[in-house]
$ cat coords.pdb   # PDB, C-alpha atoms and all ligand atoms
ATOM      1  CA  MET A   1     101.475 -69.318 -54.279  1.00  0.00           C
ATOM      2  CA  LYS A   2     101.059 -68.164 -50.667  1.00  0.00           C
ATOM      3  CA  ASN A   3      97.662 -66.850 -49.555  1.00  0.00           C
ATOM      4  CA  SER A   4      98.124 -63.017 -49.504  1.00  0.00           C
ATOM      5  CA  SER A   5      97.356 -62.724 -45.760  1.00  0.00           C
ATOM      6  CA  GLN A   6     100.373 -65.007 -45.110  1.00  0.00           C
ATOM      7  CA  GLN A   7     102.669 -62.950 -47.353  1.00  0.00           C
ATOM      8  CA  LEU A   8     105.775 -61.817 -45.414  1.00  0.00           C
ATOM      9  CA  ILE A   9     106.556 -58.125 -45.003  1.00  0.00           C
ATOM     10  CA  PRO A  10     109.900 -56.753 -43.723  1.00  0.00           C
ATOM     11  CA  ARG A  11     109.581 -54.943 -40.358  1.00  0.00           C
ATOM     12  CA  PHE A  12     113.092 -54.716 -38.840  1.00  0.00           C
ATOM     13  CA  ASN A  13     116.373 -54.945 -40.734  1.00  0.00           C
ATOM     14  CA  ALA A  14     119.370 -56.989 -39.500  1.00  0.00           C
ATOM     15  CA  VAL A  15     121.103 -53.979 -37.925  1.00  0.00           C
ATOM     16  CA  GLU A  16     117.983 -53.010 -35.934  1.00  0.00           C
ATOM     17  CA  ARG A  17     117.531 -56.598 -34.749  1.00  0.00           C
ATOM     18  CA  ALA A  18     121.207 -56.973 -33.751  1.00  0.00           C
ATOM     19  CA  ILE A  19     121.129 -53.723 -31.752  1.00  0.00           C
ATOM     20  CA  HIS A  20     117.792 -54.639 -30.132  1.00  0.00           C
ATOM     21  CA  TRP A  21     119.147 -58.012 -28.947  1.00  0.00           C
ATOM     22  CA  ALA A  22     122.356 -56.387 -27.685  1.00  0.00           C
ATOM     23  CA  VAL A  23     120.093 -54.038 -25.669  1.00  0.00           C
ATOM     24  CA  ALA A  24     118.000 -56.974 -24.401  1.00  0.00           C
ATOM     25  CA  ILE A  25     120.976 -59.177 -23.373  1.00  0.00           C
ATOM     26  CA  THR A  26     122.864 -56.370 -21.618  1.00  0.00           C
ATOM     27  CA  PHE A  27     119.625 -55.245 -19.915  1.00  0.00           C
ATOM     28  CA  VAL A  28     118.959 -58.739 -18.546  1.00  0.00           C
ATOM     29  CA  TYR A  29     122.541 -59.040 -17.235  1.00  0.00           C
ATOM     30  CA  ALA A  30     122.423 -55.535 -15.711  1.00  0.00           C
ATOM     31  CA  THR A  31     119.086 -56.351 -14.074  1.00  0.00           C
ATOM     32  CA  LEU A  32     120.071 -59.727 -12.615  1.00  0.00           C
ATOM     33  CA  SER A  33     123.492 -58.566 -11.413  1.00  0.00           C
ATOM     34  CA  GLY A  34     121.960 -55.356 -10.023  1.00  0.00           C
ATOM     35  CA  LEU A  35     119.306 -57.311  -8.104  1.00  0.00           C
ATOM     36  CA  SER A  36     122.011 -59.561  -6.607  1.00  0.00           C
ATOM     37  CA  LEU A  37     123.928 -56.494  -5.347  1.00  0.00           C
ATOM     38  CA  TRP A  38     120.772 -54.798  -4.074  1.00  0.00           C
ATOM     39  CA  SER A  39     119.310 -57.349  -1.690  1.00  0.00           C
ATOM     40  CA  ARG A  40     120.903 -59.995   0.551  1.00  0.00           C
ATOM     41  CA  LYS A  41     117.977 -62.267  -0.295  1.00  0.00           C
ATOM     42  CA  LEU A  42     118.911 -62.076  -3.977  1.00  0.00           C
ATOM     43  CA  TYR A  43     122.672 -62.509  -3.499  1.00  0.00           C
ATOM     44  CA  TRP A  44     122.370 -66.125  -4.713  1.00  0.00           C
ATOM     45  CA  ILE A  45     122.007 -64.696  -8.251  1.00  0.00           C
ATOM     46  CA  ALA A  46     125.628 -63.488  -7.958  1.00  0.00           C
ATOM     47  CA  GLY A  47     126.642 -67.119  -7.403  1.00  0.00           C
ATOM     48  CA  VAL A  48     125.012 -68.101 -10.693  1.00  0.00           C
ATOM     49  CA  LEU A  49     126.765 -65.194 -12.481  1.00  0.00           C
ATOM     50  CA  GLY A  50     130.278 -66.105 -11.311  1.00  0.00           C
ATOM     51  CA  GLY A  51     130.443 -64.774  -7.726  1.00  0.00           C
ATOM     52  CA  GLY A  52     130.164 -61.463  -5.881  1.00  0.00           C
ATOM     53  CA  VAL A  53     133.525 -60.013  -6.962  1.00  0.00           C
ATOM     54  CA  THR A  54     132.866 -60.725 -10.655  1.00  0.00           C
ATOM     55  CA  VAL A  55     129.353 -59.319 -10.465  1.00  0.00           C
ATOM     56  CA  ARG A  56     130.504 -56.138  -8.663  1.00  0.00           C
ATOM     57  CA  ALA A  57     133.075 -55.525 -11.411  1.00  0.00           C
ATOM     58  CA  MET A  58     130.873 -56.538 -14.362  1.00  0.00           C
ATOM     59  CA  HIS A  59     127.583 -54.832 -13.372  1.00  0.00           C
ATOM     60  CA  PRO A  60     128.732 -51.265 -14.163  1.00  0.00           C
ATOM     61  CA  LEU A  61     130.671 -52.313 -17.278  1.00  0.00           C
ATOM     62  CA  ILE A  62     127.820 -54.293 -18.862  1.00  0.00           C
ATOM     63  CA  SER A  63     125.397 -51.537 -17.813  1.00  0.00           C
ATOM     64  CA  VAL A  64     127.488 -48.987 -19.725  1.00  0.00           C
ATOM     65  CA  LEU A  65     127.310 -51.329 -22.746  1.00  0.00           C
ATOM     66  CA  PHE A  66     123.514 -51.381 -22.281  1.00  0.00           C
ATOM     67  CA  VAL A  67     123.380 -47.571 -22.310  1.00  0.00           C
ATOM     68  CA  LEU A  68     125.598 -47.431 -25.423  1.00  0.00           C
ATOM     69  CA  ALA A  69     123.485 -50.048 -27.245  1.00  0.00           C
ATOM     70  CA  PHE A  70     120.256 -48.313 -26.227  1.00  0.00           C
ATOM     71  CA  GLY A  71     121.779 -44.992 -27.315  1.00  0.00           C
ATOM     72  CA  ARG A  72     122.368 -46.477 -30.791  1.00  0.00           C
ATOM     73  CA  LEU A  73     118.774 -47.760 -30.915  1.00  0.00           C
ATOM     74  CA  PHE A  74     117.589 -44.358 -29.739  1.00  0.00           C
ATOM     75  CA  LEU A  75     119.385 -42.585 -32.595  1.00  0.00           C
ATOM     76  CA  LYS A  76     117.917 -45.046 -35.117  1.00  0.00           C
ATOM     77  CA  TRP A  77     114.306 -44.947 -33.915  1.00  0.00           C
ATOM     78  CA  ARG A  78     113.779 -41.548 -32.290  1.00  0.00           C
ATOM     79  CA  ARG A  79     112.053 -39.997 -35.316  1.00  0.00           C
ATOM     80  CA  GLU A  80     109.676 -42.944 -35.786  1.00  0.00           C
ATOM     81  CA  MET A  81     108.774 -42.718 -32.075  1.00  0.00           C
ATOM     82  CA  VAL A  82     107.506 -39.110 -32.089  1.00  0.00           C
ATOM     83  CA  LEU A  83     103.874 -39.123 -30.914  1.00  0.00           C
ATOM     84  CA  ASP A  84     101.289 -37.702 -33.338  1.00  0.00           C
ATOM     85  CA  ALA A  85      97.663 -36.675 -32.695  1.00  0.00           C
ATOM     86  CA  ASP A  86      96.400 -40.229 -33.391  1.00  0.00           C
ATOM     87  CA  ASP A  87      98.863 -41.671 -30.857  1.00  0.00           C
ATOM     88  CA  ARG A  88      97.678 -39.218 -28.204  1.00  0.00           C
ATOM     89  CA  THR A  89      94.035 -40.196 -28.834  1.00  0.00           C
ATOM     90  CA  TRP A  90      95.061 -43.878 -28.816  1.00  0.00           C
ATOM     91  CA  LEU A  91      96.754 -43.385 -25.433  1.00  0.00           C
ATOM     92  CA  ARG A  92      93.690 -41.611 -24.004  1.00  0.00           C
ATOM     93  CA  TYR A  93      91.535 -44.623 -24.921  1.00  0.00           C
ATOM     94  CA  SER A  94      94.219 -47.293 -24.429  1.00  0.00           C
ATOM     95  CA  TYR A  95      92.077 -48.987 -21.770  1.00  0.00           C
ATOM     96  CA  LYS A  96      89.918 -50.120 -24.729  1.00  0.00           C
ATOM     97  CA  TYR A  97      92.980 -51.758 -26.286  1.00  0.00           C
ATOM     98  CA  ALA A  98      93.657 -53.530 -22.972  1.00  0.00           C
ATOM     99  CA  LEU A  99      90.022 -54.723 -22.980  1.00  0.00           C
ATOM    100  CA  LYS A 100      90.460 -55.969 -26.586  1.00  0.00           C
ATOM    101  CA  ASP A 101      87.770 -53.531 -27.769  1.00  0.00           C
ATOM    102  CA  ASP A 102      89.598 -51.664 -30.546  1.00  0.00           C
ATOM    103  CA  ALA A 103      86.405 -50.121 -32.012  1.00  0.00           C
ATOM    104  CA  GLY A 104      86.766 -46.339 -32.199  1.00  0.00           C
ATOM    105  CA  LEU A 105      90.528 -46.342 -31.576  1.00  0.00           C
ATOM    106  CA  PRO A 106      92.576 -44.476 -34.198  1.00  0.00           C
ATOM    107  CA  GLU A 107      94.482 -46.652 -36.673  1.00  0.00           C
ATOM    108  CA  VAL A 108      97.996 -47.554 -35.527  1.00  0.00           C
ATOM    109  CA  GLY A 109     101.127 -46.791 -37.554  1.00  0.00           C
ATOM    110  CA  LYS A 110     104.432 -48.675 -37.227  1.00  0.00           C
ATOM    111  CA  TYR A 111     104.194 -48.407 -33.404  1.00  0.00           C
ATOM    112  CA  ASN A 112     101.230 -47.758 -31.138  1.00  0.00           C
ATOM    113  CA  GLY A 113     101.178 -44.991 -28.510  1.00  0.00           C
ATOM    114  CA  GLY A 114     102.092 -47.468 -25.755  1.00  0.00           C
ATOM    115  CA  GLN A 115     105.180 -48.701 -27.625  1.00  0.00           C
ATOM    116  CA  LYS A 116     106.260 -45.100 -28.223  1.00  0.00           C
ATOM    117  CA  MET A 117     105.791 -44.163 -24.556  1.00  0.00           C
ATOM    118  CA  GLN A 118     107.760 -47.245 -23.522  1.00  0.00           C
ATOM    119  CA  PHE A 119     110.612 -46.106 -25.797  1.00  0.00           C
ATOM    120  CA  TRP A 120     110.754 -42.587 -24.288  1.00  0.00           C
ATOM    121  CA  ALA A 121     110.349 -43.896 -20.727  1.00  0.00           C
ATOM    122  CA  GLN A 122     113.212 -46.394 -21.163  1.00  0.00           C
ATOM    123  CA  ALA A 123     115.382 -43.652 -22.694  1.00  0.00           C
ATOM    124  CA  ALA A 124     114.762 -41.329 -19.719  1.00  0.00           C
ATOM    125  CA  LEU A 125     115.347 -44.174 -17.238  1.00  0.00           C
ATOM    126  CA  ALA A 126     118.604 -45.154 -18.986  1.00  0.00           C
ATOM    127  CA  VAL A 127     119.892 -41.581 -18.440  1.00  0.00           C
ATOM    128  CA  VAL A 128     118.851 -41.649 -14.752  1.00  0.00           C
ATOM    129  CA  LEU A 129     120.452 -45.092 -14.292  1.00  0.00           C
ATOM    130  CA  LEU A 130     123.686 -43.957 -15.949  1.00  0.00           C
ATOM    131  CA  CYS A 131     123.979 -40.792 -13.825  1.00  0.00           C
ATOM    132  CA  SER A 132     123.021 -42.403 -10.497  1.00  0.00           C
ATOM    133  CA  GLY A 133     125.110 -45.499 -11.313  1.00  0.00           C
ATOM    134  CA  THR A 134     128.185 -43.359 -11.996  1.00  0.00           C
ATOM    135  CA  VAL A 135     127.809 -41.783  -8.534  1.00  0.00           C
ATOM    136  CA  LEU A 136     127.662 -45.268  -6.959  1.00  0.00           C
ATOM    137  CA  TRP A 137     130.585 -46.476  -9.100  1.00  0.00           C
ATOM    138  CA  PHE A 138     132.955 -43.721  -7.915  1.00  0.00           C
ATOM    139  CA  PRO A 139     131.600 -42.823  -4.458  1.00  0.00           C
ATOM    140  CA  GLU A 140     134.974 -41.554  -3.210  1.00  0.00           C
ATOM    141  CA  TYR A 141     134.726 -38.578  -5.591  1.00  0.00           C
ATOM    142  CA  MET A 142     131.072 -37.744  -4.822  1.00  0.00           C
ATOM    143  CA  PRO A 143     129.574 -35.501  -2.097  1.00  0.00           C
ATOM    144  CA  ARG A 144     127.535 -37.280   0.600  1.00  0.00           C
ATOM    145  CA  THR A 145     124.153 -35.874  -0.481  1.00  0.00           C
ATOM    146  CA  LEU A 146     124.672 -37.081  -4.034  1.00  0.00           C
ATOM    147  CA  ARG A 147     125.621 -40.553  -2.759  1.00  0.00           C
ATOM    148  CA  LEU A 148     122.522 -40.723  -0.556  1.00  0.00           C
ATOM    149  CA  ALA A 149     120.310 -39.583  -3.437  1.00  0.00           C
ATOM    150  CA  ALA A 150     121.886 -42.162  -5.775  1.00  0.00           C
ATOM    151  CA  VAL A 151     121.280 -44.996  -3.290  1.00  0.00           C
ATOM    152  CA  LEU A 152     117.551 -44.223  -3.505  1.00  0.00           C
ATOM    153  CA  ILE A 153     117.240 -43.173  -7.140  1.00  0.00           C
ATOM    154  CA  HIS A 154     119.284 -45.974  -8.764  1.00  0.00           C
ATOM    155  CA  PRO A 155     117.184 -48.941  -7.551  1.00  0.00           C
ATOM    156  CA  ALA A 156     113.928 -46.993  -7.975  1.00  0.00           C
ATOM    157  CA  ALA A 157     114.774 -46.257 -11.641  1.00  0.00           C
ATOM    158  CA  ALA A 158     115.912 -49.868 -12.166  1.00  0.00           C
ATOM    159  CA  LEU A 159     112.646 -51.240 -10.748  1.00  0.00           C
ATOM    160  CA  ALA A 160     110.640 -48.898 -12.991  1.00  0.00           C
ATOM    161  CA  ALA A 161     112.673 -50.004 -16.049  1.00  0.00           C
ATOM    162  CA  MET A 162     112.179 -53.682 -15.124  1.00  0.00           C
ATOM    163  CA  GLY A 163     108.422 -53.180 -14.715  1.00  0.00           C
ATOM    164  CA  GLY A 164     108.256 -51.613 -18.183  1.00  0.00           C
ATOM    165  CA  ILE A 165     110.336 -54.393 -19.751  1.00  0.00           C
ATOM    166  CA  ILE A 166     108.229 -57.134 -18.141  1.00  0.00           C
ATOM    167  CA  VAL A 167     105.180 -55.588 -19.859  1.00  0.00           C
ATOM    168  CA  HIS A 168     107.207 -55.182 -23.081  1.00  0.00           C
ATOM    169  CA  VAL A 169     108.321 -58.843 -23.117  1.00  0.00           C
ATOM    170  CA  TYR A 170     104.770 -60.011 -22.386  1.00  0.00           C
ATOM    171  CA  MET A 171     103.380 -57.857 -25.233  1.00  0.00           C
ATOM    172  CA  GLY A 172     106.141 -58.942 -27.628  1.00  0.00           C
ATOM    173  CA  THR A 173     105.666 -62.664 -26.960  1.00  0.00           C
ATOM    174  CA  ALA A 174     102.451 -64.034 -25.413  1.00  0.00           C
ATOM    175  CA  ALA A 175     100.034 -61.112 -25.836  1.00  0.00           C
ATOM    176  CA  VAL A 176     100.650 -60.359 -29.520  1.00  0.00           C
ATOM    177  CA  PRO A 177     101.591 -63.609 -31.298  1.00  0.00           C
ATOM    178  CA  GLY A 178     103.706 -62.977 -34.390  1.00  0.00           C
ATOM    179  CA  SER A 179     105.642 -60.049 -32.859  1.00  0.00           C
ATOM    180  CA  LEU A 180     108.669 -62.087 -31.866  1.00  0.00           C
ATOM    181  CA  LYS A 181     109.130 -63.227 -35.476  1.00  0.00           C
ATOM    182  CA  ALA A 182     109.551 -59.541 -36.361  1.00  0.00           C
ATOM    183  CA  MET A 183     112.480 -59.247 -33.944  1.00  0.00           C
ATOM    184  CA  ILE A 184     114.010 -62.647 -34.813  1.00  0.00           C
ATOM    185  CA  ARG A 185     113.560 -63.028 -38.566  1.00  0.00           C
ATOM    186  CA  GLY A 186     112.724 -59.397 -39.323  1.00  0.00           C
ATOM    187  CA  VAL A 187     109.374 -60.149 -40.984  1.00  0.00           C
ATOM    188  CA  VAL A 188     105.656 -60.229 -40.154  1.00  0.00           C
ATOM    189  CA  THR A 189     102.688 -61.583 -42.081  1.00  0.00           C
ATOM    190  CA  ARG A 190     100.365 -59.217 -43.939  1.00  0.00           C
ATOM    191  CA  ARG A 191      97.559 -60.446 -41.670  1.00  0.00           C
ATOM    192  CA  TRP A 192      99.574 -59.454 -38.527  1.00  0.00           C
ATOM    193  CA  ALA A 193     100.362 -56.021 -39.954  1.00  0.00           C
ATOM    194  CA  ALA A 194      96.700 -55.436 -40.921  1.00  0.00           C
ATOM    195  CA  ALA A 195      95.529 -56.451 -37.437  1.00  0.00           C
ATOM    196  CA  HIS A 196      98.049 -54.485 -35.344  1.00  0.00           C
ATOM    197  CA  HIS A 197      99.574 -51.739 -37.504  1.00  0.00           C
ATOM    198  CA  PRO A 198      97.110 -51.051 -40.379  1.00  0.00           C
ATOM    199  CA  LYS A 199      98.246 -47.463 -41.049  1.00  0.00           C
ATOM    200  CA  TRP A 200     101.855 -48.667 -41.356  1.00  0.00           C
ATOM    201  CA  LEU A 201     100.817 -51.430 -43.780  1.00  0.00           C
ATOM    202  CA  ARG A 202      98.791 -49.021 -45.933  1.00  0.00           C
ATOM    203  CA  ASN A 203     101.648 -46.542 -46.184  1.00  0.00           C
ATOM    204  CA  LEU A 204     104.315 -49.103 -47.102  1.00  0.00           C
ATOM    205  CA  PRO A 205     105.720 -48.638 -50.620  1.00  0.00           C
ATOM    206  CA  GLN A 206     103.848 -51.023 -52.970  1.00  0.00           C
ATOM    207  CA  PRO A 207     106.040 -53.771 -54.538  1.00  0.00           C
TER     208      PRO A 207
HETATM  209  C1  LIG A 301     114.462 -59.173 -22.922  1.00  0.00           C
HETATM  210  C2  LIG A 301     113.679 -59.622 -23.854  1.00  0.00           C
HETATM  211  C3  LIG A 301     113.018 -58.800 -24.937  1.00  0.00           C
HETATM  212  C4  LIG A 301     112.135 -59.318 -25.831  1.00  0.00           C
HETATM  213  C5  LIG A 301     111.644 -60.756 -25.912  1.00  0.00           C
HETATM  214  C6  LIG A 301     111.745 -58.244 -26.720  1.00  0.00           C
HETATM  215  C7  LIG A 301     110.881 -58.373 -27.789  1.00  0.00           C
HETATM  216  C8  LIG A 301     110.577 -57.376 -28.698  1.00  0.00           C
HETATM  217  C9  LIG A 301     109.743 -57.556 -29.866  1.00  0.00           C
HETATM  218  C10 LIG A 301     109.073 -58.855 -30.282  1.00  0.00           C
HETATM  219  C11 LIG A 301     109.667 -56.362 -30.507  1.00  0.00           C
HETATM  220  C12 LIG A 301     108.900 -56.064 -31.821  1.00  0.00           C
HETATM  221  C13 LIG A 301     107.522 -55.474 -31.545  1.00  0.00           C
HETATM  222  C14 LIG A 301     106.827 -55.038 -32.824  1.00  0.00           C
HETATM  223  O1  LIG A 301     107.198 -55.470 -33.912  1.00  0.00           O
HETATM  224  O2  LIG A 301     105.876 -54.223 -32.741  1.00  0.00           O
HETATM  225  C15 LIG A 301     110.439 -55.422 -29.743  1.00  0.00           C
HETATM  226  C16 LIG A 301     110.581 -54.084 -30.052  1.00  0.00           C
HETATM  227  C17 LIG A 301     111.206 -53.172 -29.238  1.00  0.00           C
HETATM  228  N1  LIG A 301     111.999 -53.452 -28.118  1.00  0.00           N
HETATM  229 FE1  LIG A 301     112.204 -55.265 -27.226  1.00  0.00          FE
HETATM  230  N2  LIG A 301     112.366 -57.089 -26.322  1.00  0.00           N
HETATM  231  C18 LIG A 301     113.164 -57.366 -25.232  1.00  0.00           C
HETATM  232  C19 LIG A 301     113.951 -56.479 -24.517  1.00  0.00           C
HETATM  233  C20 LIG A 301     113.989 -55.115 -24.748  1.00  0.00           C
HETATM  234  C21 LIG A 301     114.689 -54.152 -23.913  1.00  0.00           C
HETATM  235  C22 LIG A 301     115.494 -54.507 -22.665  1.00  0.00           C
HETATM  236  C23 LIG A 301     114.457 -52.917 -24.454  1.00  0.00           C
HETATM  237  C24 LIG A 301     114.906 -51.554 -23.987  1.00  0.00           C
HETATM  238  C25 LIG A 301     115.360 -51.260 -22.797  1.00  0.00           C
HETATM  239  C26 LIG A 301     113.641 -53.101 -25.638  1.00  0.00           C
HETATM  240  C27 LIG A 301     113.208 -52.096 -26.464  1.00  0.00           C
HETATM  241  C28 LIG A 301     112.415 -52.257 -27.585  1.00  0.00           C
HETATM  242  C29 LIG A 301     111.870 -51.167 -28.352  1.00  0.00           C
HETATM  243  C30 LIG A 301     112.090 -49.667 -28.070  1.00  0.00           C
HETATM  244  C31 LIG A 301     111.129 -51.743 -29.386  1.00  0.00           C
HETATM  245  C32 LIG A 301     110.314 -51.035 -30.493  1.00  0.00           C
HETATM  246  C33 LIG A 301     108.971 -50.581 -29.956  1.00  0.00           C
HETATM  247  C34 LIG A 301     108.189 -51.661 -29.283  1.00  0.00           C
HETATM  248  O3  LIG A 301     107.852 -52.653 -29.919  1.00  0.00           O
HETATM  249  O4  LIG A 301     107.947 -51.512 -28.066  1.00  0.00           O
HETATM  250  N3  LIG A 301     113.377 -54.449 -25.781  1.00  0.00           N
HETATM  251  N4  LIG A 301     110.991 -56.074 -28.652  1.00  0.00           N
END
$ encode --input "coords.pdb" --output "structure tokens" --more "lines below"
Ligand code: HEM
Amino acid sequence: MKNSSQQLIPRFNAVERAIHWAVAITFVYATLSGLSLWSRKLYWIAGVLGGGVTVRAMHPLISVLFVLAFGRLFLKWRREMVLDADDRTWLRYSYKYALKDDAGLPEVGKYNGGQKMQFWAQAALAVVLLCSGTVLWFPEYMPRTLRLAAVLIHPAAALAAMGGIIVHVYMGTAAVPGSLKAMIRGVVTRRWAAAHHPKWLRNLPQP
């Protein structure tokens, strides 16, 4: 029999994982194609993705798919992502988490305060990207001021979203070993849950 700390616990079901990876794949395409359209120095990326004409046509379409997939994830997870008093305290002292000194930090539930903030930030940025991107997609129907604003806001929001996702990917892979298994196979070990999400583990229905 398996040592109890190695016992596997379900964390994400197949639907959650499928939607998450649809979000991730469409986000990566939207990011790379967007970067190639944004800067001459990055235009070579368009070559890798099938050429400038293809990228210009596909960037808005795949980006809309990203927003739809994220919207589905948002509807599934929005209740679990509401911040409680413990999350707010955790966020106030999150520098301790970054310094790997968890002593005195409140116990973490299914997600920590940082994960929850990332969720809300990406949701807000997705709305900004959709609105500003629509202006850039149909410029002939938009007033000049709106076009000028969109030219500034769209890349700024995209860069902010990319920054957040770089941190997210680092946390989900190298920084917290065992996390990726949750998003690939749907399970984590009891030891992982006890170390990173003890309040969640304690409140899980007992088998
Ligand atoms: C591109 C590569 C990506 C990788 C490798 C990745 C990895 C992961 C992993 C391992 C988890 C589970 C964390 C846990 O169990 O606590 C997770 C959760 C999550 N992912 Fe991703 N992800 C990626 C892209 C994205 C993108 C593009 C978004 C949204 C724009 C996103 C949004 C989320 C959210 C909201 C969660 C739940 C809360 C959290 O863990 O932050 N992910 N991801």
$ closest_residue --input "coords.pdb" --among "A:Lys96, A:Arg144, A:His20, A:Arg40" --to "ligand LIG 301 (chain A)" --atoms "all atoms listed in the file"
A:His20
$ closest_residue --input "coords.pdb" --among "A:Gly178, A:Gly113, A:Pro139, A:Gly164" --to "Gln6 (chain A)" --atoms "only C-alpha atoms"
A:Gly178
$ atom_distance --input "coords.pdb" --atom1 "CA of Ser179 (chain A)" --atom2 "atom C13 of ligand LIG 301 (chain A)"
5.1 Å
$ atom_distance --input "coords.pdb" --atom1 "atom C27 of ligand LIG 301 (chain A)" --atom2 "CA of Ala24 (chain A)"
7.1 Å
$ atom_distance --input "coords.pdb" --atom1 "atom C25 of ligand LIG 301 (chain A)" --atom2 "CA of Gln122 (chain A)"
5.6 Å
$ residues_near_ligand --input "coords.pdb" --ligand "ligand LIG 301 (chain A)" --cutoff "6 Å" --atoms "all atoms listed in the file" --output "ChimeraX atom specification"
/A:23-24,27,115,119,122,165,169,172,179-180,182-183
$ residues_near_point --input "coords.pdb" --point "(120.6, -39.9, -14.1)" --cutoff "12 Å" --atoms "all atoms listed in the file" --output "list in words"
Val67, Ala123, Ala124, Leu125, Ala126, Val127, Val128, Leu129, Leu130, Cys131, Ser132, Gly133, Thr134, Val135, Leu136, Leu146, Ala149, Ala150, Val151, Leu152, Ile153, His154, Pro155, Ala156, Ala157 and Ala158 of chain A
$ resolve_selection --input "coords.pdb" --expression "the PyMOL selection byres (((chain A and resi 59) around 12) and not hetatm)" --output "ChimeraX atom specification"
/A:26-38,46,49-58,60-66,130,133-134,136-137
$ closest_residue --input "coords.pdb" --among "A:Leu204, A:Ala22, A:Leu159, A:Ala121" --to "Ile9 (chain A)" --atoms "only C-alpha atoms"
A:Leu204
$ residues_around --input "coords.pdb" --residues "region 77-90 of chain A" --least-positions-apart "4" --cutoff "7 Å" --atoms "only C-alpha atoms" --output "list in words"
Leu73, Ser94, Leu105, Pro106, Asn112, Gly113 and Lys116 of chain A
$ write_last_selection --input "coords.pdb" --atoms "C-alpha atoms" --output "mmCIF file, in the coordinates of the input"
data_model
loop_
_atom_site.group_PDB
_atom_site.id
_atom_site.type_symbol
_atom_site.label_atom_id
_atom_site.label_comp_id
_atom_site.auth_asym_id
_atom_site.auth_seq_id
_atom_site.Cartn_x
_atom_site.Cartn_y
_atom_site.Cartn_z
ATOM 1 C CA LEU A 73 118.774 -47.760 -30.915
ATOM 2 C CA SER A 94 94.219 -47.293 -24.429
ATOM 3 C CA LEU A 105 90.528 -46.342 -31.576
ATOM 4 C CA PRO A 106 92.576 -44.476 -34.198
ATOM 5 C CA ASN A 112 101.230 -47.758 -31.138
ATOM 6 C CA GLY A 113 101.178 -44.991 -28.510
ATOM 7 C CA LYS A 116 106.260 -45.100 -28.223
#
$ resolve_selection --input "coords.pdb" --expression "the PyMOL selection byres (((chain A and resi 110) around 7) and not hetatm)" --output "PDB file with C-alpha atoms, keeping the file's coordinate frame"
ATOM      1  CA  VAL A 108      97.996 -47.554 -35.527  1.00  0.00           C
ATOM      2  CA  GLY A 109     101.127 -46.791 -37.554  1.00  0.00           C
ATOM      3  CA  TYR A 111     104.194 -48.407 -33.404  1.00  0.00           C
ATOM      4  CA  ASN A 112     101.230 -47.758 -31.138  1.00  0.00           C
ATOM      5  CA  HIS A 197      99.574 -51.739 -37.504  1.00  0.00           C
ATOM      6  CA  TRP A 200     101.855 -48.667 -41.356  1.00  0.00           C
TER       7      TRP A 200
END
$ residues_near_point --input "coords.pdb" --point "(110.5, -56.3, -36.4)" --cutoff "8 Å" --atoms "all atoms listed in the file" --output "ChimeraX atom specification"
/A:10-13,17,179-188
